[in-house]
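Source file: run_11.cif (mmCIF, C-alpha atoms)
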data_model
#
loop_
_atom_site.label_atom_id
_atom_site.label_comp_id
_atom_site.auth_asym_id
_atom_site.auth_seq_id
_atom_site.Cartn_x
_atom_site.Cartn_y
_atom_site.Cartn_z
CA MET A 1 4.08 6.31 25.30
CA ASN A 2 7.22 5.32 23.43
CA SER A 3 7.08 7.16 20.10
CA LYS A 4 8.29 5.12 17.14
CA SER A 5 9.33 6.11 13.62
CA VAL A 6 7.39 4.61 10.70
CA LEU A 7 8.25 4.78 7.00
CA ILE A 8 5.27 4.89 4.63
CA VAL A 9 6.15 4.22 0.99
CA VAL A 10 3.87 5.50 -1.78
CA ALA A 11 4.28 5.00 -5.52
CA ASN A 12 5.51 7.63 -7.95
CA PRO A 13 3.21 8.82 -10.74
CA ALA A 14 3.13 6.53 -13.77
CA ILE A 15 1.06 5.75 -16.86
CA SER A 16 -1.10 2.64 -16.94
CA THR A 17 0.18 0.33 -19.69
CA THR A 18 -3.26 -1.29 -19.99
CA LEU A 19 -5.42 1.86 -20.13
CA GLY A 20 -2.98 4.66 -20.98
CA TRP A 21 -4.14 6.99 -18.22
CA PRO A 22 -2.11 8.58 -15.36
CA VAL A 23 -1.96 6.51 -12.17
CA GLY A 24 -0.63 7.18 -8.69
CA PHE A 25 -1.07 6.09 -5.08
CA TRP A 26 -4.46 5.66 -3.38
CA ALA A 27 -5.29 8.51 -1.00
CA ALA A 28 -6.97 6.45 1.74
CA GLU A 29 -4.13 3.93 1.82
CA LEU A 30 -1.72 6.65 2.89
CA ILE A 31 -4.03 8.92 4.85
CA HIS A 32 -5.97 6.42 6.99
CA PRO A 33 -2.83 4.69 8.38
CA PHE A 34 -1.07 8.09 8.64
CA ASP A 35 -3.95 9.39 10.75
CA ALA A 36 -4.07 6.37 13.05
CA LEU A 37 -0.30 6.21 13.55
CA THR A 38 0.18 9.93 14.17
CA LYS A 39 -2.75 10.02 16.62
CA ALA A 40 -1.02 7.19 18.49
CA GLY A 41 2.04 9.43 18.83
CA HIS A 42 4.30 7.92 16.19
CA ARG A 43 6.43 9.85 13.69
CA ILE A 44 5.82 9.27 9.97
CA THR A 45 8.07 9.78 6.96
CA ILE A 46 6.41 9.55 3.53
CA ALA A 47 8.89 8.39 0.87
CA SER A 48 8.68 7.05 -2.69
CA PRO A 49 10.95 4.86 -4.82
CA ARG A 50 12.19 7.72 -7.04
CA GLY A 51 11.48 10.62 -4.67
CA GLY A 52 9.95 13.94 -5.61
CA ARG A 53 6.29 14.90 -6.04
CA VAL A 54 3.75 12.10 -5.71
CA GLU A 55 0.17 12.19 -6.96
CA LEU A 56 -3.12 10.56 -6.05
CA ASP A 57 -5.02 8.17 -8.23
CA GLY A 58 -7.88 10.33 -9.52
CA PHE A 59 -10.55 7.88 -8.37
CA SER A 60 -9.13 8.03 -4.82
CA ASP A 61 -9.51 11.82 -4.57
CA PRO A 62 -12.77 12.63 -2.74
CA ARG A 63 -12.97 15.83 -4.85
CA ASP A 64 -12.80 13.92 -8.17
CA ALA A 65 -15.74 14.41 -10.54
CA SER A 66 -16.29 10.63 -10.68
CA GLY A 67 -17.48 10.70 -7.06
CA TYR A 68 -15.87 7.27 -6.56
CA SER A 69 -14.30 8.24 -3.19
CA LYS A 70 -16.70 11.02 -2.22
CA ASP A 71 -17.45 9.34 1.13
CA ASP A 72 -13.79 9.33 2.18
CA THR A 73 -14.16 12.31 4.53
CA LEU A 74 -10.88 11.64 6.35
CA SER A 75 -8.85 11.94 3.15
CA LEU A 76 -10.79 15.07 2.21
CA GLU A 77 -9.85 16.59 5.56
CA TYR A 78 -6.13 15.83 5.13
CA LEU A 79 -6.03 16.98 1.51
CA GLY A 80 -7.29 20.34 2.73
CA LYS A 81 -4.31 20.76 5.07
CA PRO A 82 -1.39 22.70 3.50
CA GLU A 83 1.08 21.09 5.95
CA PHE A 84 0.06 17.62 4.75
CA ASN A 85 0.23 18.53 1.05
CA VAL A 86 3.80 19.76 1.56
CA LEU A 87 4.75 16.16 2.45
CA LEU A 88 3.59 15.03 -1.01
CA GLU A 89 5.51 17.70 -2.92
CA ALA A 90 9.05 16.46 -2.30
CA THR A 91 9.19 12.91 -0.94
CA PRO A 92 12.64 11.48 -0.18
CA ALA A 93 13.80 8.75 -2.57
CA LEU A 94 14.26 5.27 -1.12
CA ALA A 95 17.90 5.18 -2.21
CA GLY A 96 18.64 7.66 0.58
CA VAL A 97 16.49 5.94 3.22
CA LYS A 98 18.08 3.70 5.86
CA SER A 99 15.95 0.99 7.47
CA ALA A 100 18.00 1.43 10.66
CA ASP A 101 16.39 4.86 11.12
CA PHE A 102 12.86 3.40 11.37
CA ASP A 103 10.91 0.96 13.51
CA ALA A 104 8.42 -0.22 10.86
CA ILE A 105 7.52 0.08 7.18
CA LEU A 106 4.13 0.33 5.47
CA VAL A 107 3.82 0.18 1.67
CA ALA A 108 0.63 1.79 0.36
CA GLY A 109 -1.13 0.76 -2.82
CA GLY A 110 -3.03 2.38 -5.66
CA GLN A 111 -2.83 1.72 -9.38
CA SER A 112 0.77 2.88 -9.90
CA PRO A 113 2.34 0.07 -7.82
CA MET A 114 1.10 -2.48 -10.36
CA PHE A 115 3.22 -0.77 -13.02
CA THR A 116 6.18 0.41 -10.91
CA PHE A 117 6.80 -1.89 -7.90
CA ARG A 118 7.49 -5.17 -9.70
CA GLY A 119 11.19 -5.48 -10.42
CA ASP A 120 12.08 -2.53 -8.15
CA ALA A 121 15.13 -4.06 -6.51
CA GLY A 122 15.64 -1.12 -4.15
CA LEU A 123 12.13 -1.36 -2.74
CA ALA A 124 12.37 -5.15 -2.42
CA ARG A 125 15.71 -4.93 -0.64
CA LEU A 126 14.48 -2.25 1.78
CA PHE A 127 11.33 -4.21 2.67
CA MET A 128 13.38 -7.35 3.37
CA GLU A 129 15.83 -5.34 5.50
CA PHE A 130 12.95 -4.30 7.75
CA HIS A 131 11.54 -7.82 7.96
CA ASP A 132 14.91 -9.48 8.53
CA ALA A 133 15.70 -6.99 11.30
CA GLY A 134 12.60 -8.06 13.20
CA LYS A 135 10.56 -4.94 12.40
CA PRO A 136 6.85 -4.89 11.50
CA SER A 137 6.57 -4.85 7.70
CA ALA A 138 3.21 -4.00 6.14
CA ALA A 139 1.80 -3.74 2.63
CA LEU A 140 -1.68 -2.70 1.60
CA CYS A 141 -3.92 -3.44 -1.40
CA HIS A 142 -2.00 -3.31 -4.72
CA GLY A 143 1.11 -2.43 -2.70
CA THR A 144 1.26 -6.13 -1.82
CA CYS A 145 2.45 -6.82 -5.38
CA LEU A 146 5.98 -6.06 -4.15
CA LEU A 147 5.79 -9.26 -2.06
CA LEU A 148 5.59 -11.37 -5.23
CA ASP A 149 9.24 -10.66 -6.06
CA LEU A 150 10.70 -11.19 -2.58
CA LYS A 151 12.99 -14.15 -1.90
CA ASN A 152 14.22 -15.82 1.25
CA ALA A 153 17.97 -16.30 1.79
CA ASP A 154 17.74 -19.75 0.18
CA GLY A 155 16.10 -18.29 -2.94
CA SER A 156 12.60 -19.61 -2.21
CA PRO A 157 9.60 -17.25 -2.53
CA PHE A 158 9.22 -15.11 0.60
CA ILE A 159 5.44 -15.59 0.66
CA ARG A 160 5.43 -19.39 0.21
CA GLY A 161 3.50 -20.86 3.13
CA ARG A 162 2.66 -17.43 4.54
CA ARG A 163 -0.80 -16.09 5.26
CA MET A 164 -1.45 -12.86 3.39
CA THR A 165 -4.10 -10.81 1.65
CA GLY A 166 -4.18 -8.12 -1.02
CA PHE A 167 -6.43 -6.77 -3.77
CA ALA A 168 -8.63 -9.76 -4.51
CA ASN A 169 -9.80 -11.29 -7.78
CA SER A 170 -13.38 -10.37 -6.80
CA GLU A 171 -12.28 -6.73 -6.63
CA GLU A 172 -10.36 -6.91 -9.91
CA ASP A 173 -13.52 -8.35 -11.50
CA PHE A 174 -15.49 -5.35 -10.23
CA ALA A 175 -12.88 -2.86 -11.51
CA ASP A 176 -12.76 -4.53 -14.93
CA GLN A 177 -16.57 -4.37 -15.20
CA VAL A 178 -16.70 -0.69 -14.22
CA VAL A 179 -14.03 0.29 -16.77
CA GLY A 180 -15.19 -2.16 -19.43
CA GLN A 181 -11.79 -3.76 -19.96
CA LYS A 182 -8.89 -5.36 -18.11
CA VAL A 183 -7.45 -2.74 -15.75
CA MET A 184 -4.39 -4.47 -14.31
CA PRO A 185 -1.53 -6.26 -16.09
CA PHE A 186 -1.68 -9.20 -13.63
CA ARG A 187 -3.61 -10.30 -10.56
CA ILE A 188 -1.98 -10.43 -7.14
CA GLU A 189 -4.23 -13.21 -5.82
CA ASP A 190 -3.41 -15.53 -8.73
CA GLU A 191 0.34 -14.90 -8.59
CA ALA A 192 0.54 -15.16 -4.79
CA LYS A 193 -1.28 -18.50 -4.80
CA ALA A 194 0.99 -19.77 -7.59
CA LEU A 195 3.98 -18.95 -5.35
CA GLY A 196 2.47 -20.98 -2.50
CA ALA A 197 0.97 -18.23 -0.35
CA GLU A 198 -2.16 -18.84 1.71
CA PHE A 199 -4.12 -15.93 0.24
CA ILE A 200 -7.06 -15.07 2.52
CA THR A 201 -9.75 -12.62 1.43
CA ALA A 202 -12.88 -11.06 2.85
CA PRO A 203 -15.89 -10.26 0.63
CA ALA A 204 -15.09 -7.58 -1.96
CA PHE A 205 -14.33 -4.14 -0.54
CA GLN A 206 -14.85 -5.15 3.11
CA PRO A 207 -12.14 -4.01 5.57
CA HIS A 208 -9.66 -6.86 6.08
CA ALA A 209 -6.08 -7.18 7.27
CA LEU A 210 -4.03 -9.96 8.80
CA ALA A 211 -0.64 -10.58 10.35
CA ASP A 212 1.69 -13.52 9.75
CA GLY A 213 4.46 -12.89 12.23
CA LEU A 214 6.00 -9.54 11.29
CA LEU A 215 4.31 -9.47 7.87
CA ILE A 216 1.09 -7.43 7.87
CA THR A 217 -1.12 -7.18 4.78
CA GLY A 218 -4.39 -5.38 3.99
CA GLN A 219 -6.87 -6.28 1.27
CA GLN A 220 -7.86 -2.94 -0.29
CA GLN A 221 -8.44 0.78 0.24
CA HIS A 222 -10.97 0.19 3.05
CA SER A 223 -8.38 -1.73 5.08
CA GLY A 224 -6.00 1.08 6.05
CA HIS A 225 -7.23 1.37 9.63
CA GLU A 226 -7.11 -2.42 10.06
CA VAL A 227 -3.48 -2.47 8.86
CA ALA A 228 -2.67 0.44 11.19
CA LYS A 229 -4.23 -1.43 14.16
CA LEU A 230 -2.06 -4.48 13.53
CA LEU A 231 0.99 -2.26 13.07
CA LEU A 232 0.28 -0.42 16.32
CA ALA A 233 -0.09 -3.74 18.15
CA ALA A 234 3.23 -4.95 16.71
CA LEU A 235 4.97 -1.71 17.71
CA SER A 236 3.68 -1.74 21.29
#

Would you give me this structure, written as structure tokens?
Amino acid sequence: MNSKSVLIVVANPAISTTLGWPVGFWAAELIHPFDALTKAGHRITIASPRGGRVELDGFSDPRDASGYSKDDTLSLEYLGKPEFNVLLEATPALAGVKSADFDAILVAGGQSPMFTFRGDAGLARLFMEFHDAGKPSAALCHGTCLLLDLKNADGSPFIRGRRMTGFANSEEDFADQVVGQKVMPFRIEDEAKALGAEFITAPAFQPHALADGLLITGQQQHSGHEVAKLLLAALS
């Protein structure tokens, strides 16, 4: 098998501007694709916009007292591996990453992307470099918010007329009800549709991913393996 090199981007730690609590990347959205891609023989680099130590969203940690992700046994397995945790301690910053060194990109989600990915020109530029070079370019869950800022060469929205998915309004409704207030500063589904995207969702929290040419998107944290499958097909 021809081994390829895949860049997975995770968010840096941040503070939610709506709730005031620490937010990070979602464990399953890194670990499930990481597992599938490495088992297929591909090489993975985990990077982040600013570099350095990255942290999980608490609710995504299977060991968290909330029990929200207690059934995520794959993430629990990886989080128990010292060699995997080392990769989260000192991620390379995107400013030093060259798209030419990789065959595909996957941007993971979590809560932090909703506060840190919008307006990140470096991340937007890197994602477009991959796509424009004919390389599979994937985003998952709240990581798809980066697509809202992307522009084509003529200045039109990158996602206009494209089929995509991402964290759905039905899922935002659920999160808001659980917390008892508005969790996110905006909704990806609403903004994507306003930009002219064909936003396609499955029922809340069901695995769902789709490809529109080289663009691959996944709906939420249960869609990591589906995104990885589409990525593997595009790499083969």

May I have the protein, DNA and RNA residues with any atom at most 8 Å from the point (8.1, 16.7, -2.0), counting all atoms listed in the file, written as a PyMOL selection string?
chain A and resi 51-54+86-92

Around all the atoms of stretch 96-99 of chain A listed in the file, draw an axis-aligned box and extend it by 3 Å on each of the six sides; I want its centre and edge lengths in Å to one decimal, as AutoDock Vina command-line options.
--center_x 17.3 --center_y 4.3 --center_z 4.0 --size_x 8.7 --size_y 12.7 --size_z 12.9

Out of A:Met114, A:Leu235, A:Leu210, A:Ala28, which residue has the shortest atom-to-atom distance to A:Asp71 when counting all atoms listed in the file?
A:Ala28

Length of the atom CA of A:Leu195 to atom CA of A:Ala93 vector [Å]
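Atom-to-atom, atom CA of A:Leu195 to atom CA of A:Ala93, that is 29.5 Å.
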
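Shortest separation to A:Val6 among A:Met184, A:Leu232, A:Lys193, A:Thr116 occurs at residue A:Leu232, atoms counted being all atoms listed in the file.
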
Just say which residues the PyMOL selection byres ((chain A and resi 2) around 9) picks in this file, as a PyMOL selection string.
chain A and resi 1+3-4+41-42+236

Would you mind telling me which residue in A:Ile8, A:Ala194, A:Ile44, A:Leu94 lies nearest to A:Asp120 when using all atoms listed in the file?
A:Leu94

Using only C-alpha atoms for the distances, tell me which of A:Leu79, A:Ala139, A:Ala100, A:Leu148 is nearest to A:Ser5.
A:Ala100

Atom CA of A:Ala121 and atom CA of A:Leu30 are how many Å apart?
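Separation between atom CA of A:Ala121 and atom CA of A:Leu30: 22.1 Å.
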
What's the separation between atom CA of A:Glu55 and atom CA of A:Ala202, in Å to one decimal place?
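Here the two named atoms are 28.4 Å from each other.
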
Residue members of the PyMOL selection byres ((chain A and resi 203) around 10) in the file shown, as an MDAnalysis selection string:
chainID A and resid 168 170:171 201:202 204:208 219

Using only C-alpha atoms, please write the residues we just selected to a file, as a tab-separated table (two decimals), in the coordinates of the input.
chain	number	residue	atom	x	y	z
A	168	ALA	CA	-8.63	-9.76	-4.51
A	170	SER	CA	-13.38	-10.37	-6.80
A	171	GLU	CA	-12.28	-6.73	-6.63
A	201	THR	CA	-9.75	-12.62	1.43
A	202	ALA	CA	-12.88	-11.06	2.85
A	204	ALA	CA	-15.09	-7.58	-1.96
A	205	PHE	CA	-14.33	-4.14	-0.54
A	206	GLN	CA	-14.85	-5.15	3.11
A	207	PRO	CA	-12.14	-4.01	5.57
A	208	HIS	CA	-9.66	-6.86	6.08
A	219	GLN	CA	-6.87	-6.28	1.27

Tell me which residues the PyMOL selection byres ((chain A and resi 147) around 9) grabs here, as a count of residues only.
16

Between A:Gln221, A:Thr38, A:Ser48, A:Gln111, which has the minimum distance to A:Ile15 (counting all atoms listed in the file)?
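Of A:Gln221, A:Thr38, A:Ser48, A:Gln111, the one nearest A:Ile15 is A:Gln111, counting all atoms listed in the file.
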
Using all atoms listed in the file, which of A:Ile216, A:Ala11, A:Leu76, A:Ile188 sits nearest A:Lys135?
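Looking only at the distances to A:Lys135, the closest residue turns out to be A:Ile216.
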
List as number ranges by chain the residues having at least one atom at most 6 Å from position (11.1, 4.9, 11.2) as given in the file, counting all atoms listed in the file.
A: 5-7, 101-104
